[in-house]
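Asker: Here you go, this is upload05.txt (compact mmCIF, C-alpha atoms).
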```
# COMPACT_ATOMS: atom_id res chain seq x y z
CA MET M 1 -29.86 -75.38 57.38
CA ASN M 2 -29.95 -71.61 57.38
CA PHE M 3 -30.46 -69.99 54.04
CA ASN M 4 -28.61 -66.87 53.09
CA ALA M 5 -27.38 -64.92 50.10
CA THR M 6 -25.20 -67.87 49.08
CA LEU M 7 -28.37 -69.19 47.44
CA LEU M 8 -28.55 -66.18 45.13
CA GLY M 9 -24.80 -66.25 44.59
CA GLN M 10 -24.99 -69.85 43.47
CA LEU M 11 -27.96 -69.09 41.22
CA VAL M 12 -26.04 -66.29 39.46
CA THR M 13 -22.85 -68.37 39.24
CA PHE M 14 -24.86 -71.22 37.78
CA ALA M 15 -26.37 -68.95 35.13
CA ILE M 16 -22.93 -67.59 34.21
CA PHE M 17 -21.36 -71.04 33.87
CA VAL M 18 -24.27 -72.36 31.81
CA TRP M 19 -24.02 -69.32 29.56
CA PHE M 20 -20.27 -69.83 29.18
CA THR M 21 -20.73 -73.51 28.35
CA MET M 22 -23.44 -72.68 25.83
CA LYS M 23 -21.32 -70.01 24.20
CA PHE M 24 -17.76 -71.33 24.28
CA VAL M 25 -17.76 -75.04 25.04
CA TRP M 26 -20.73 -77.05 23.83
CA PRO M 27 -21.08 -76.00 20.16
CA MET M 28 -17.35 -76.18 19.52
CA LEU M 29 -17.01 -79.61 21.06
CA LEU M 30 -20.02 -80.97 19.20
CA LYS M 31 -18.80 -79.52 15.91
CA GLN M 32 -15.35 -80.96 16.49
CA MET M 33 -16.78 -84.38 17.24
CA GLU M 34 -19.08 -84.25 14.23
CA GLU M 35 -16.17 -83.32 11.99
CA ARG M 36 -14.16 -86.21 13.30
CA GLU M 37 -17.10 -88.52 12.79
CA THR M 38 -17.41 -87.56 9.12
CA ARG M 39 -13.66 -87.81 8.67
CA ILE M 40 -13.61 -91.28 10.13
CA ALA M 41 -16.58 -92.30 8.02
CA ASP M 42 -14.86 -90.92 4.92
CA GLY M 43 -11.67 -92.71 5.81
CA LEU M 44 -13.47 -95.98 6.31
CA ALA M 45 -15.30 -95.56 3.02
CA ALA M 46 -12.03 -94.79 1.24
CA ALA M 47 -10.40 -97.83 2.81
CA GLU M 48 -13.29 -99.99 1.68
CA GLN M 49 -13.10 -98.52 -1.83
CA GLY M 50 -9.38 -99.20 -1.87
CA GLN M 51 -9.93 -102.77 -0.81
CA LYS M 52 -12.55 -103.20 -3.51
CA ASP M 53 -10.21 -101.70 -6.10
CA PHE M 54 -7.47 -103.99 -4.95
CA ALA M 55 -9.69 -107.05 -5.21
CA GLU M 56 -10.80 -105.96 -8.67
CA ALA M 57 -7.22 -105.41 -9.78
CA LYS M 58 -6.29 -108.80 -8.40
CA GLU M 59 -9.10 -110.43 -10.32
CA LYS M 60 -8.14 -108.54 -13.44
CA SER M 61 -4.51 -109.51 -13.13
CA ALA M 62 -5.49 -113.15 -12.61
CA VAL M 63 -7.51 -113.01 -15.82
CA GLU M 64 -4.60 -111.35 -17.61
CA ILE M 65 -2.21 -114.02 -16.39
CA GLU M 66 -4.61 -116.73 -17.51
CA LYS M 67 -4.86 -115.08 -20.90
CA GLY M 68 -1.09 -114.77 -21.11
CA LYS M 69 -0.66 -118.40 -20.24
CA GLU M 70 -3.16 -119.40 -22.87
CA GLN M 71 -1.40 -117.28 -25.44
CA ALA M 72 1.95 -118.71 -24.49
CA ALA M 73 0.55 -122.22 -24.79
CA LYS M 74 -0.86 -121.35 -28.15
CA ILE M 75 2.41 -119.90 -29.31
CA ILE M 76 4.27 -122.94 -28.06
CA SER M 77 1.89 -125.30 -29.80
CA GLN M 78 2.16 -123.24 -32.98
CA ALA M 79 5.90 -123.34 -32.72
CA GLN M 80 5.71 -127.08 -32.19
CA LYS M 81 3.56 -127.43 -35.25
CA ARG M 82 5.84 -125.22 -37.28
CA HIS M 83 8.78 -127.22 -36.05
CA ASP M 84 7.13 -130.41 -37.12
CA GLU M 85 6.33 -128.87 -40.45
CA ILE M 86 9.87 -127.70 -40.96
CA VAL M 87 11.22 -131.10 -40.02
CA GLU M 88 8.73 -132.72 -42.35
CA GLU M 89 9.65 -130.31 -45.12
CA ALA M 90 13.31 -130.92 -44.57
CA LYS M 91 12.68 -134.59 -44.65
CA ASP M 92 10.75 -134.26 -47.90
CA ASP M 93 13.44 -132.02 -49.33
CA ALA M 94 16.08 -134.47 -48.30
CA LYS M 95 14.12 -137.31 -49.79
CA ALA M 96 13.59 -135.41 -53.04
CA GLU M 97 17.21 -134.41 -53.10
CA ALA M 98 18.23 -137.95 -52.41
CA SER M 99 16.00 -139.33 -55.16
CA ARG M 100 17.23 -136.63 -57.49
CA ILE M 101 20.81 -137.50 -56.70
CA LYS M 102 19.96 -141.15 -57.05
CA ASP M 103 18.25 -140.53 -60.38
CA SER M 104 21.12 -138.54 -61.74
CA ALA M 105 23.52 -141.18 -60.51
CA LEU M 106 21.40 -143.85 -62.11
CA SER M 107 21.22 -141.99 -65.42
CA GLU M 108 24.92 -141.42 -65.27
CA ILE M 109 25.42 -145.07 -64.62
CA GLU M 110 23.07 -145.80 -67.51
CA GLN M 111 25.05 -143.46 -69.71
CA GLU M 112 28.28 -145.01 -68.65
CA LYS M 113 26.81 -148.40 -69.26
CA GLU M 114 25.64 -147.31 -72.72
CA LYS M 115 28.99 -145.83 -73.40
CA ALA M 116 30.76 -148.93 -72.25
CA ARG M 117 28.37 -151.05 -74.23
CA GLN M 118 29.03 -148.90 -77.31
CA GLU M 119 32.72 -149.23 -76.80
CA LEU M 120 32.41 -152.88 -76.21
CA ARG M 121 30.34 -153.19 -79.30
CA THR M 122 32.94 -151.53 -81.45
CA GLN M 123 35.69 -153.50 -79.84
CA VAL M 124 33.74 -156.72 -80.21
CA ALA M 125 33.13 -155.89 -83.82
CA ALA M 126 36.79 -155.27 -84.34
CA LEU M 127 37.55 -158.39 -82.38
CA ALA M 128 35.09 -160.39 -84.41
CA ILE M 129 36.51 -159.13 -87.58
CA ALA M 130 39.99 -159.90 -86.41
CA GLY M 131 38.80 -163.29 -85.28
CA ALA M 132 37.09 -163.88 -88.55
CA GLU M 133 40.18 -162.74 -90.34
CA GLN M 134 42.16 -165.17 -88.33
CA ILE M 135 39.63 -167.92 -88.88
CA LEU M 136 39.21 -167.35 -92.55
CA MET M 137 42.87 -166.75 -92.95
CA LYS M 138 42.11 -164.69 -95.79
CA GLU M 139 41.52 -161.18 -96.53
CA VAL M 140 38.04 -160.17 -96.11
CA ASP M 141 36.71 -157.37 -98.07
CA ARG M 142 35.77 -154.93 -95.41
CA ALA M 143 33.55 -152.98 -97.65
CA ALA M 144 31.78 -156.07 -99.02
CA HIS M 145 31.06 -157.49 -95.61
CA ASN M 146 30.34 -154.40 -93.72
CA ASP M 147 26.66 -155.03 -93.76
CA VAL M 148 27.08 -158.39 -92.11
CA LEU M 149 29.38 -157.02 -89.45
CA GLU M 150 27.02 -154.28 -88.75
CA LYS M 151 24.26 -156.81 -88.22
CA VAL M 152 26.35 -158.88 -85.84
CA SER M 153 27.39 -155.93 -83.77
CA GLN M 154 23.76 -154.84 -83.68
CA GLN M 155 22.76 -158.15 -82.16
CA LEU M 156 25.15 -157.71 -79.30
CA MET I 1 -8.79 -80.79 64.51
CA ALA I 2 -8.24 -77.94 66.90
CA SER I 3 -6.07 -78.05 69.96
CA GLY I 4 -6.51 -80.89 72.42
CA THR I 5 -8.27 -80.41 75.69
CA GLU I 6 -11.71 -79.01 74.90
CA LEU I 7 -12.11 -81.28 71.88
CA THR I 8 -15.04 -83.69 72.05
CA SER I 9 -16.59 -85.60 69.20
CA ASN I 10 -19.60 -83.37 69.46
CA SER I 11 -17.71 -80.13 69.12
CA TYR I 12 -15.59 -81.65 66.36
CA LEU I 13 -18.72 -82.53 64.37
CA GLN I 14 -20.35 -79.17 64.96
CA HIS I 15 -17.21 -77.36 63.98
CA HIS I 16 -16.94 -79.29 60.75
CA LEU I 17 -20.55 -78.80 59.78
CA GLN I 18 -20.46 -75.02 60.21
CA ASN I 19 -19.86 -72.80 57.21
CA LEU I 20 -17.49 -69.89 57.18
CA VAL I 21 -20.08 -67.11 57.08
CA PHE I 22 -19.41 -63.51 56.22
CA GLY I 23 -22.15 -61.07 57.16
CA LYS I 24 -23.27 -58.04 59.09
CA LEU I 25 -23.80 -58.06 62.84
CA PRO I 26 -26.00 -55.35 64.33
CA GLU I 27 -24.98 -52.69 66.87
CA GLY I 28 -24.96 -53.84 70.48
CA TYR I 29 -24.55 -57.50 69.51
CA GLU I 30 -22.71 -59.66 72.04
CA ARG I 31 -20.11 -61.69 70.23
CA ALA I 32 -19.09 -65.25 70.98
CA GLY I 33 -15.96 -64.00 72.75
CA GLY I 34 -18.05 -61.97 75.22
CA HIS I 35 -17.49 -58.38 74.10
CA THR I 36 -20.27 -56.21 72.72
CA LEU I 37 -20.14 -54.46 69.35
CA ASP I 38 -20.08 -50.64 69.49
CA HIS I 39 -21.54 -50.31 66.01
CA SER I 40 -22.83 -52.69 63.35
CA SER I 41 -20.04 -54.25 61.32
CA TRP I 42 -19.31 -56.74 58.50
CA THR I 43 -17.32 -59.67 59.81
CA PHE I 44 -16.89 -63.45 59.83
CA ALA I 45 -19.13 -65.35 62.22
CA HIS I 46 -17.32 -66.92 65.14
CA SER I 47 -20.11 -69.26 66.21
CA PRO I 48 -23.12 -70.98 64.62
CA GLN I 49 -25.38 -68.60 66.55
CA GLU I 50 -23.61 -65.57 65.10
CA ALA I 51 -23.99 -67.02 61.61
CA LEU I 52 -27.73 -67.41 62.21
CA ASP I 53 -28.06 -63.88 63.58
CA MET I 54 -26.49 -62.41 60.47
CA GLY I 55 -29.75 -63.09 58.69
CA PHE I 56 -30.27 -63.62 54.99
CA TRP I 57 -27.72 -61.12 53.69
CA SER I 58 -24.65 -63.09 54.56
CA LEU I 59 -22.46 -65.33 52.48
CA ASN I 60 -21.01 -68.80 53.00
CA VAL I 61 -17.56 -67.82 51.81
CA ASP I 62 -16.12 -71.34 51.89
CA THR I 63 -18.72 -73.28 49.92
CA MET I 64 -19.41 -70.38 47.56
CA GLY I 65 -15.69 -70.02 46.94
CA TRP I 66 -15.15 -73.71 46.24
CA SER I 67 -18.24 -73.79 44.06
CA ILE I 68 -17.01 -70.90 41.92
CA PHE I 69 -13.48 -72.27 41.84
CA LEU I 70 -14.66 -75.71 40.67
CA GLY I 71 -16.98 -74.12 38.12
CA ILE I 72 -14.03 -72.20 36.73
CA VAL I 73 -11.97 -75.41 36.66
CA PHE I 74 -14.76 -77.04 34.65
CA CYS I 75 -15.04 -74.11 32.21
CA PHE I 76 -11.28 -73.85 31.81
CA LEU I 77 -10.72 -77.55 31.11
CA PHE I 78 -13.60 -77.93 28.69
CA HIS I 79 -12.93 -74.66 26.96
CA ARG I 80 -9.29 -75.56 26.44
CA VAL I 81 -10.22 -78.81 24.74
CA ALA I 82 -12.96 -77.13 22.70
CA LYS I 83 -10.61 -74.34 21.60
CA LYS I 84 -7.96 -76.69 20.28
CA SER I 85 -10.51 -77.86 17.74
CA GLN I 86 -8.72 -80.88 16.43
CA SER I 87 -10.55 -83.28 14.22
CA GLY I 88 -7.65 -85.73 14.10
CA ALA I 89 -7.20 -88.64 16.47
CA PRO I 90 -8.00 -87.45 20.01
CA SER I 91 -5.68 -88.34 22.85
CA GLY I 92 -5.98 -88.91 26.58
CA PHE I 93 -7.66 -85.94 28.18
CA THR I 94 -9.47 -84.83 25.03
CA ASN I 95 -10.91 -88.30 24.85
CA LEU I 96 -12.25 -88.07 28.38
CA ILE I 97 -13.85 -84.67 27.79
CA GLU I 98 -15.44 -85.80 24.55
CA MET I 99 -16.66 -88.99 26.17
CA ILE I 100 -18.46 -86.94 28.82
CA VAL I 101 -19.92 -84.57 26.22
CA GLU I 102 -21.09 -87.45 24.09
CA PHE I 103 -22.62 -89.17 27.10
CA VAL I 104 -24.54 -86.03 28.09
CA ASN I 105 -25.55 -85.31 24.51
CA LYS I 106 -26.88 -88.83 24.06
CA ASN I 107 -28.99 -88.58 27.20
CA VAL I 108 -30.35 -85.19 26.16
CA ASN I 109 -31.25 -86.44 22.70
CA ASP I 110 -32.86 -89.58 24.08
CA ILE I 111 -35.11 -87.70 26.46
CA MET I 112 -35.88 -84.43 24.71
CA SER I 113 -38.45 -84.61 21.95
CA VAL I 114 -37.90 -80.94 21.10
CA LYS I 115 -34.56 -79.47 20.09
CA ASN I 116 -33.37 -76.76 22.45
CA PRO I 117 -29.78 -75.46 22.31
CA LEU I 118 -29.80 -74.63 26.03
CA ILE I 119 -30.47 -78.10 27.41
CA GLY I 120 -27.20 -79.71 26.29
CA PRO I 121 -24.87 -77.09 27.83
CA LEU I 122 -27.10 -76.93 30.91
CA ALA I 123 -26.95 -80.69 31.42
CA LEU I 124 -23.18 -80.76 30.83
CA THR I 125 -22.59 -77.94 33.31
CA ILE I 126 -24.76 -79.60 35.92
CA PHE I 127 -23.17 -83.00 35.51
CA VAL I 128 -19.53 -81.95 35.54
CA TRP I 129 -19.87 -79.17 38.05
CA ILE I 130 -21.78 -81.27 40.57
CA THR I 131 -19.37 -84.16 40.04
CA LEU I 132 -16.45 -81.86 40.80
CA MET I 133 -18.20 -80.41 43.86
CA ASN I 134 -19.10 -83.87 45.13
CA THR I 135 -15.55 -85.07 44.55
CA MET I 136 -14.38 -82.63 47.21
CA ASP I 137 -15.92 -85.12 49.62
CA ILE I 138 -13.23 -87.66 48.74
CA VAL I 139 -10.49 -85.30 49.91
CA PRO I 140 -9.68 -86.32 53.50
CA VAL I 141 -12.06 -84.44 55.80
CA ASP I 142 -9.45 -82.59 57.81
CA LEU I 143 -6.88 -81.87 55.13
CA LEU I 144 -8.20 -78.67 53.57
CA PRO I 145 -9.64 -77.21 56.81
CA LEU I 146 -6.30 -77.77 58.54
CA MET I 147 -4.47 -76.12 55.67
CA ALA I 148 -6.85 -73.18 55.75
CA GLN I 149 -6.43 -72.89 59.52
CA PHE I 150 -2.66 -73.02 59.10
CA ILE I 151 -2.62 -70.39 56.39
CA THR I 152 -4.93 -67.96 58.20
CA GLY I 153 -3.38 -68.72 61.57
CA ASN I 154 -6.84 -69.09 63.09
CA GLU I 155 -7.25 -72.57 64.52
CA HIS I 156 -10.97 -72.13 65.07
CA LEU I 157 -11.61 -71.20 61.45
CA TYR I 158 -14.76 -72.76 60.02
CA PHE I 159 -14.09 -74.27 56.63
CA LYS I 160 -16.50 -76.51 54.73
CA VAL I 161 -15.00 -77.74 51.48
CA VAL I 162 -17.84 -79.74 49.91
CA PRO I 163 -20.19 -77.20 48.30
CA THR I 164 -22.97 -79.75 47.79
CA THR I 165 -23.24 -80.34 51.54
CA ASP I 166 -24.48 -76.75 51.75
CA PRO I 167 -28.23 -76.52 51.02
CA ASN I 168 -27.71 -73.00 49.71
CA ILE I 169 -25.64 -74.41 46.87
CA THR I 170 -27.97 -77.28 45.97
CA PHE I 171 -31.05 -75.05 46.20
CA GLY I 172 -29.27 -72.44 44.13
CA LEU I 173 -28.88 -75.03 41.37
CA SER I 174 -32.39 -76.42 41.63
CA LEU I 175 -33.85 -72.90 41.73
CA GLY I 176 -32.11 -72.21 38.44
CA VAL I 177 -33.66 -75.36 36.98
CA PHE I 178 -37.05 -74.38 38.46
CA ILE I 179 -36.92 -70.95 36.80
CA LEU I 180 -36.16 -72.65 33.46
CA ILE I 181 -39.08 -75.06 33.97
CA ILE I 182 -41.49 -72.15 34.51
CA TYR I 183 -39.93 -70.15 31.66
CA TYR I 184 -40.21 -72.93 29.09
CA SER I 185 -43.65 -74.02 30.27
CA ILE I 186 -44.96 -70.51 29.63
CA LYS I 187 -42.92 -70.06 26.44
CA MET I 188 -44.13 -73.31 24.88
CA LYS I 189 -47.73 -73.35 26.08
CA GLY I 190 -48.46 -69.71 26.80
CA VAL I 191 -49.57 -68.38 30.18
CA GLY I 192 -53.05 -69.78 29.61
CA GLY I 193 -51.78 -73.19 28.69
CA PHE I 194 -49.50 -73.35 31.70
CA VAL I 195 -52.14 -72.17 34.16
CA GLY I 196 -54.67 -74.44 32.50
CA GLU I 197 -52.34 -77.38 32.96
CA LEU I 198 -52.08 -76.54 36.65
CA ALA I 199 -55.79 -75.88 37.18
CA LEU I 200 -57.63 -78.32 34.95
CA GLN I 201 -55.70 -81.52 35.61
CA PRO I 202 -56.22 -84.21 36.61
CA PHE I 203 -59.91 -83.86 37.58
CA GLY I 204 -61.43 -81.38 35.12
CA LYS I 205 -62.84 -77.90 35.64
CA TYR I 206 -65.19 -78.67 38.55
CA MET I 207 -62.29 -79.49 40.85
CA ILE I 208 -60.09 -76.45 40.11
CA PRO I 209 -58.96 -75.72 43.69
CA PHE I 210 -58.09 -79.32 44.32
CA ASN I 211 -56.27 -79.56 41.00
CA LEU I 212 -54.33 -76.39 41.76
CA ILE I 213 -53.14 -77.73 45.10
CA LEU I 214 -52.20 -81.08 43.65
CA GLU I 215 -50.36 -79.76 40.59
CA GLY I 216 -48.83 -76.90 42.57
CA ILE I 217 -47.31 -79.30 45.04
CA GLY I 218 -46.15 -81.46 42.15
CA LEU I 219 -44.48 -78.46 40.54
CA LEU I 220 -42.81 -77.25 43.73
CA ALA I 221 -41.68 -80.73 44.63
CA LYS I 222 -39.41 -80.76 41.58
CA PRO I 223 -36.80 -78.22 42.73
CA VAL I 224 -37.15 -79.19 46.39
CA SER I 225 -36.59 -82.87 45.71
CA LEU I 226 -33.69 -82.10 43.35
CA ALA I 227 -31.92 -79.97 45.92
CA LEU I 228 -32.69 -82.11 48.97
CA ARG I 229 -31.68 -85.36 47.29
CA LEU I 230 -28.26 -84.03 46.38
CA PHE I 231 -27.80 -82.24 49.69
CA GLY I 232 -28.97 -85.23 51.75
CA ASN I 233 -26.74 -87.75 50.03
CA LEU I 234 -23.62 -85.64 50.24
CA TYR I 235 -24.31 -84.38 53.75
CA ALA I 236 -24.79 -87.93 54.96
CA GLY I 237 -21.63 -89.03 53.20
CA GLU I 238 -19.66 -86.20 54.73
CA LEU I 239 -21.12 -86.98 58.15
CA ILE I 240 -19.98 -90.58 57.92
CA PHE I 241 -16.45 -89.45 57.11
CA LEU I 242 -16.58 -87.20 60.17
CA LEU I 243 -18.04 -89.93 62.37
CA ILE I 244 -15.33 -92.36 61.33
CA ALA I 245 -12.76 -89.69 62.06
CA THR I 246 -14.10 -88.90 65.56
CA LEU I 247 -15.48 -92.16 66.86
CA ILE I 248 -12.87 -94.58 65.58
CA GLY I 249 -10.05 -92.08 65.76
CA SER I 250 -10.67 -91.01 69.33
CA ALA I 251 -12.15 -94.14 70.91
CA LEU I 252 -9.10 -96.31 70.22
CA PRO I 253 -5.51 -95.76 71.29
CA PHE I 254 -3.66 -93.43 68.93
CA TYR I 255 -1.91 -95.88 66.56
CA MET I 256 -4.83 -98.29 66.29
CA GLY I 257 -7.21 -95.40 65.89
CA THR I 258 -5.14 -93.99 63.09
CA PHE I 259 -4.92 -97.35 61.39
CA PHE I 260 -8.57 -98.44 61.67
CA GLY I 261 -9.85 -94.95 61.09
CA GLY I 262 -7.72 -94.63 57.96
CA ALA I 263 -8.80 -98.03 56.66
CA LEU I 264 -12.47 -97.26 57.20
CA GLN I 265 -12.15 -93.84 55.63
CA PHE I 266 -10.63 -95.49 52.59
CA VAL I 267 -13.41 -98.09 52.32
CA TRP I 268 -16.10 -95.45 52.65
CA ALA I 269 -14.31 -93.19 50.15
CA VAL I 270 -14.28 -95.98 47.57
CA PHE I 271 -17.96 -96.54 48.13
CA HIS I 272 -18.57 -92.82 48.05
CA ILE I 273 -17.19 -92.52 44.51
CA LEU I 274 -20.40 -94.22 43.42
CA ILE I 275 -22.53 -91.64 45.22
CA VAL I 276 -20.48 -88.77 43.82
CA LEU I 277 -21.13 -89.78 40.24
CA LEU I 278 -24.62 -91.15 40.77
CA GLN I 279 -25.97 -88.01 42.40
CA ALA I 280 -24.51 -85.79 39.68
CA PHE I 281 -26.04 -88.08 37.08
CA VAL I 282 -29.44 -88.14 38.80
CA PHE I 283 -29.50 -84.36 39.08
CA MET I 284 -28.68 -84.03 35.39
CA MET I 285 -31.19 -86.64 34.23
CA LEU I 286 -34.03 -85.20 36.30
CA THR I 287 -33.24 -81.71 35.02
CA ILE I 288 -33.50 -82.95 31.44
CA VAL I 289 -36.70 -84.85 32.20
CA TYR I 290 -38.33 -81.89 33.92
CA LEU I 291 -37.41 -79.54 31.09
CA SER I 292 -38.58 -82.05 28.53
CA MET I 293 -41.92 -82.20 30.35
CA ALA I 294 -42.07 -78.40 30.34
CA HIS I 295 -41.76 -78.49 26.54
CA GLU I 296 -44.57 -80.97 26.00
CA HIS I 297 -48.28 -80.41 25.89
CA HIS I 298 -50.36 -82.70 28.02
```
Please lay out the structure from this file as C-alpha cells.
Answerer:
Amino acid sequence: MNFNATLLGQLVTFAIFVWFTMKFVWPMLLKQMEERETRIADGLAAAEQGQKDFAEAKEKSAVEIEKGKEQAAKIISQAQKRHDEIVEEAKDDAKAEASRIKDSALSEIEQEKEKARQELRTQVAALAIAGAEQILMKEVDRAAHNDVLEKVSQQL
Amino acid sequence: MASGTELTSNSYLQHHLQNLVFGKLPEGYERAGGHTLDHSSWTFAHSPQEALDMGFWSLNVDTMGWSIFLGIVFCFLFHRVAKKSQSGAPSGFTNLIEMIVEFVNKNVNDIMSVKNPLIGPLALTIFVWITLMNTMDIVPVDLLPLMAQFITGNEHLYFKVVPTTDPNITFGLSLGVFILIIYYSIKMKGVGGFVGELALQPFGKYMIPFNLILEGIGLLAKPVSLALRLFGNLYAGELIFLLIATLIGSALPFYMGTFFGGALQFVWAVFHILIVLLQAFVFMMLTIVYLSMAHEHH
C-alpha cells in the first residue's frame, strides 16, 4: 500500500468527471425524464377523458334510442288508431250509403207500387164499369154515374 | 502467467498485486537487473522495491489508465443518451441509463433534506464509475495482463486492471468526498459553526480537548472508512481469484486444474457480482449521507 501521485491524479479525474456529469449529463437526463413523465400523465388523462366521453356518448345514444323507440311506438299506436277510425268511418259510410240506397230503393218501390195501384185502380174502374155494363146489359150513363164510380175506385 | 520454471504461487501473487509504476529513480540507483544508473531517469519500475523507491511523485499507470478510461466510458454512454433528448417511449439502453439515474435521484432525494445540484451528479458518477471499475474484477485475472504482456513484448510487465484494488484510487475518491464534506460544512454553518460543532460536542465547553479528539477522529474516519471498505472488499475479491488460479490451477494435474480452477473462478465471479454492485452502492449512499450531514445543523 504505497501512496503516490496516483492519488492526486484520481482526485483531479474525479473532479473532472463529476463536473462533466453535472454539466452535460444529469440535468438533461432529469429534464428528459420529467418531460416524459408529464407526457405520459397527459396521455393517461386524455385516455381517461376519452373513455368518459365515450361512456357519456353511449349513455346518450341509449337514451336517444329509447326515445326513438317510444316515438315509433307512439306513431304506430296512432296509426293503429287512425286505421281503426278510418275503418270505422268507412263502415259508417258504407252503412249510410247502404241505408240511403235501401231508402231510395224502398221509395222507388213505393212509387212503383203507387203507380201500379193507380193503374190498377183505373183498370179496375174500367173493368167494373165494363162488368156493370155487362151485368146491367144496358147503357149506363157515364156522366150520370161518374160520381158512384169514382167512389168505388176510391175504396179500392 | 510468465514463463514456466521460476514460477511459484508466491511470485505469481506478488506479480499480480504489483502496479505498473512510472516514476523517477535517483542517480546511482542499483536496478533490479543489477546495473547501476549513471544519472537519475524517469522509467517504469521493474520490481516492487523500485516502485517504493520512486517515492510519492510516481504514477500507477495501469490503474490510473483504467480508471480514466472507464470514467470516459461512463461519461460517453450517459452523455450520448442525455444528448438524444427523446421524450417518447425509451428503448433498451436508454431505459437502463434512465433506470440508474432515477435510482440515484430517488436515493439522493430521500436522504438530502436540502436541495443541492451537485449531489445528484456526484452520486451518479460515484455509483456508475465505481461499478465499472469493480466490474474489471470479473474479467478473468490473467486475460488483460497477458494481452498487455503480449502487446508490449515484455513478459514481466506488471499490469493491474482493477482500479479499485489500488488504494490510491479509492483514497482519491474518498478524499474528493472529504473535501466536499469540509467545504459544505463551512459553507452552510460558517467557520465558527463548523469548529464549534467539532469542539463543543458532545460534552459541552468544559471538555473541549476531548471533544476535539473525538469529533476529529469521527470526521477523519469518514474518508478513511469509505476508501478502505471499497479497497478491502475488492482487493480481497481479486486475491481470491488469484488464489483459485494458483492453488487449484497448479496443485492439480493440468486438465483437472484447468477444469476445477475454471469452475471455481466462475462460482466466485457470480458471487462477486454482488460485491461489485454492493460496494459501489455503499460508497454512493455513504457519500450522500455524509454530505447531507454536512448540510445540517446539529
Asker: List the neighbours of Ser58 of chain I out to 8 Å using only C-alpha atoms; skip same-chain residues closer than 5 positions along the sequence, and give me the result as a list of chain:residue names.
Answerer: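 Using only C-alpha atoms, the neighbours found are M:Asn4, M:Ala5, M:Thr6, I:Val21, I:Phe22, I:Gly23, I:Lys24.
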Asker: Would you mind exporting C-alpha atoms of the selected residues as a compact mmCIF listing (two decimals), in the frame of the given file?
Answerer:
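Contents of part24.txt, freshly written:
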```txt
# COMPACT_ATOMS: atom_id res chain seq x y z
CA ASN M 4 -28.61 -66.87 53.09
CA ALA M 5 -27.38 -64.92 50.10
CA THR M 6 -25.20 -67.87 49.08
CA VAL I 21 -20.08 -67.11 57.08
CA PHE I 22 -19.41 -63.51 56.22
CA GLY I 23 -22.15 -61.07 57.16
CA LYS I 24 -23.27 -58.04 59.09
```
Asker: Looking at I:Val141, I:Leu277, I:Leu157, I:Ala227, which one is nearest to chain M, with distances taken over all atoms listed in the file?
Answerer: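 Nearest candidate to chain M out of I:Val141, I:Leu277, I:Leu157, I:Ala227: I:Ala227.
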Asker: Write out as a PyMOL selection string every residue belonging to chain M that has an atom at most 12 Å from any atom of chain I, counting only C-alpha atoms.
Answerer: chain M and resi 1-40+43
Asker: How many Å lie between atom CA of Ile182 of chain I and atom CA of Ala294 of chain I, rounded to one decimal?
Answerer: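 Value for the atom CA of Ile182 of chain I-atom CA of Ala294 of chain I distance: 7.5 Å.
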Asker: Quick one, how far is atom CA of Glu27 of chain I from atom CA of Asp62 of chain I?
Answerer: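 Here the two named atoms are 25.5 Å from each other.
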Asker: Mind pulling up the distance from atom CA of Glu56 of chain M to atom CA of Glu70 of chain M?
Answerer: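 Atom CA of Glu56 of chain M lies 21.0 Å from atom CA of Glu70 of chain M.
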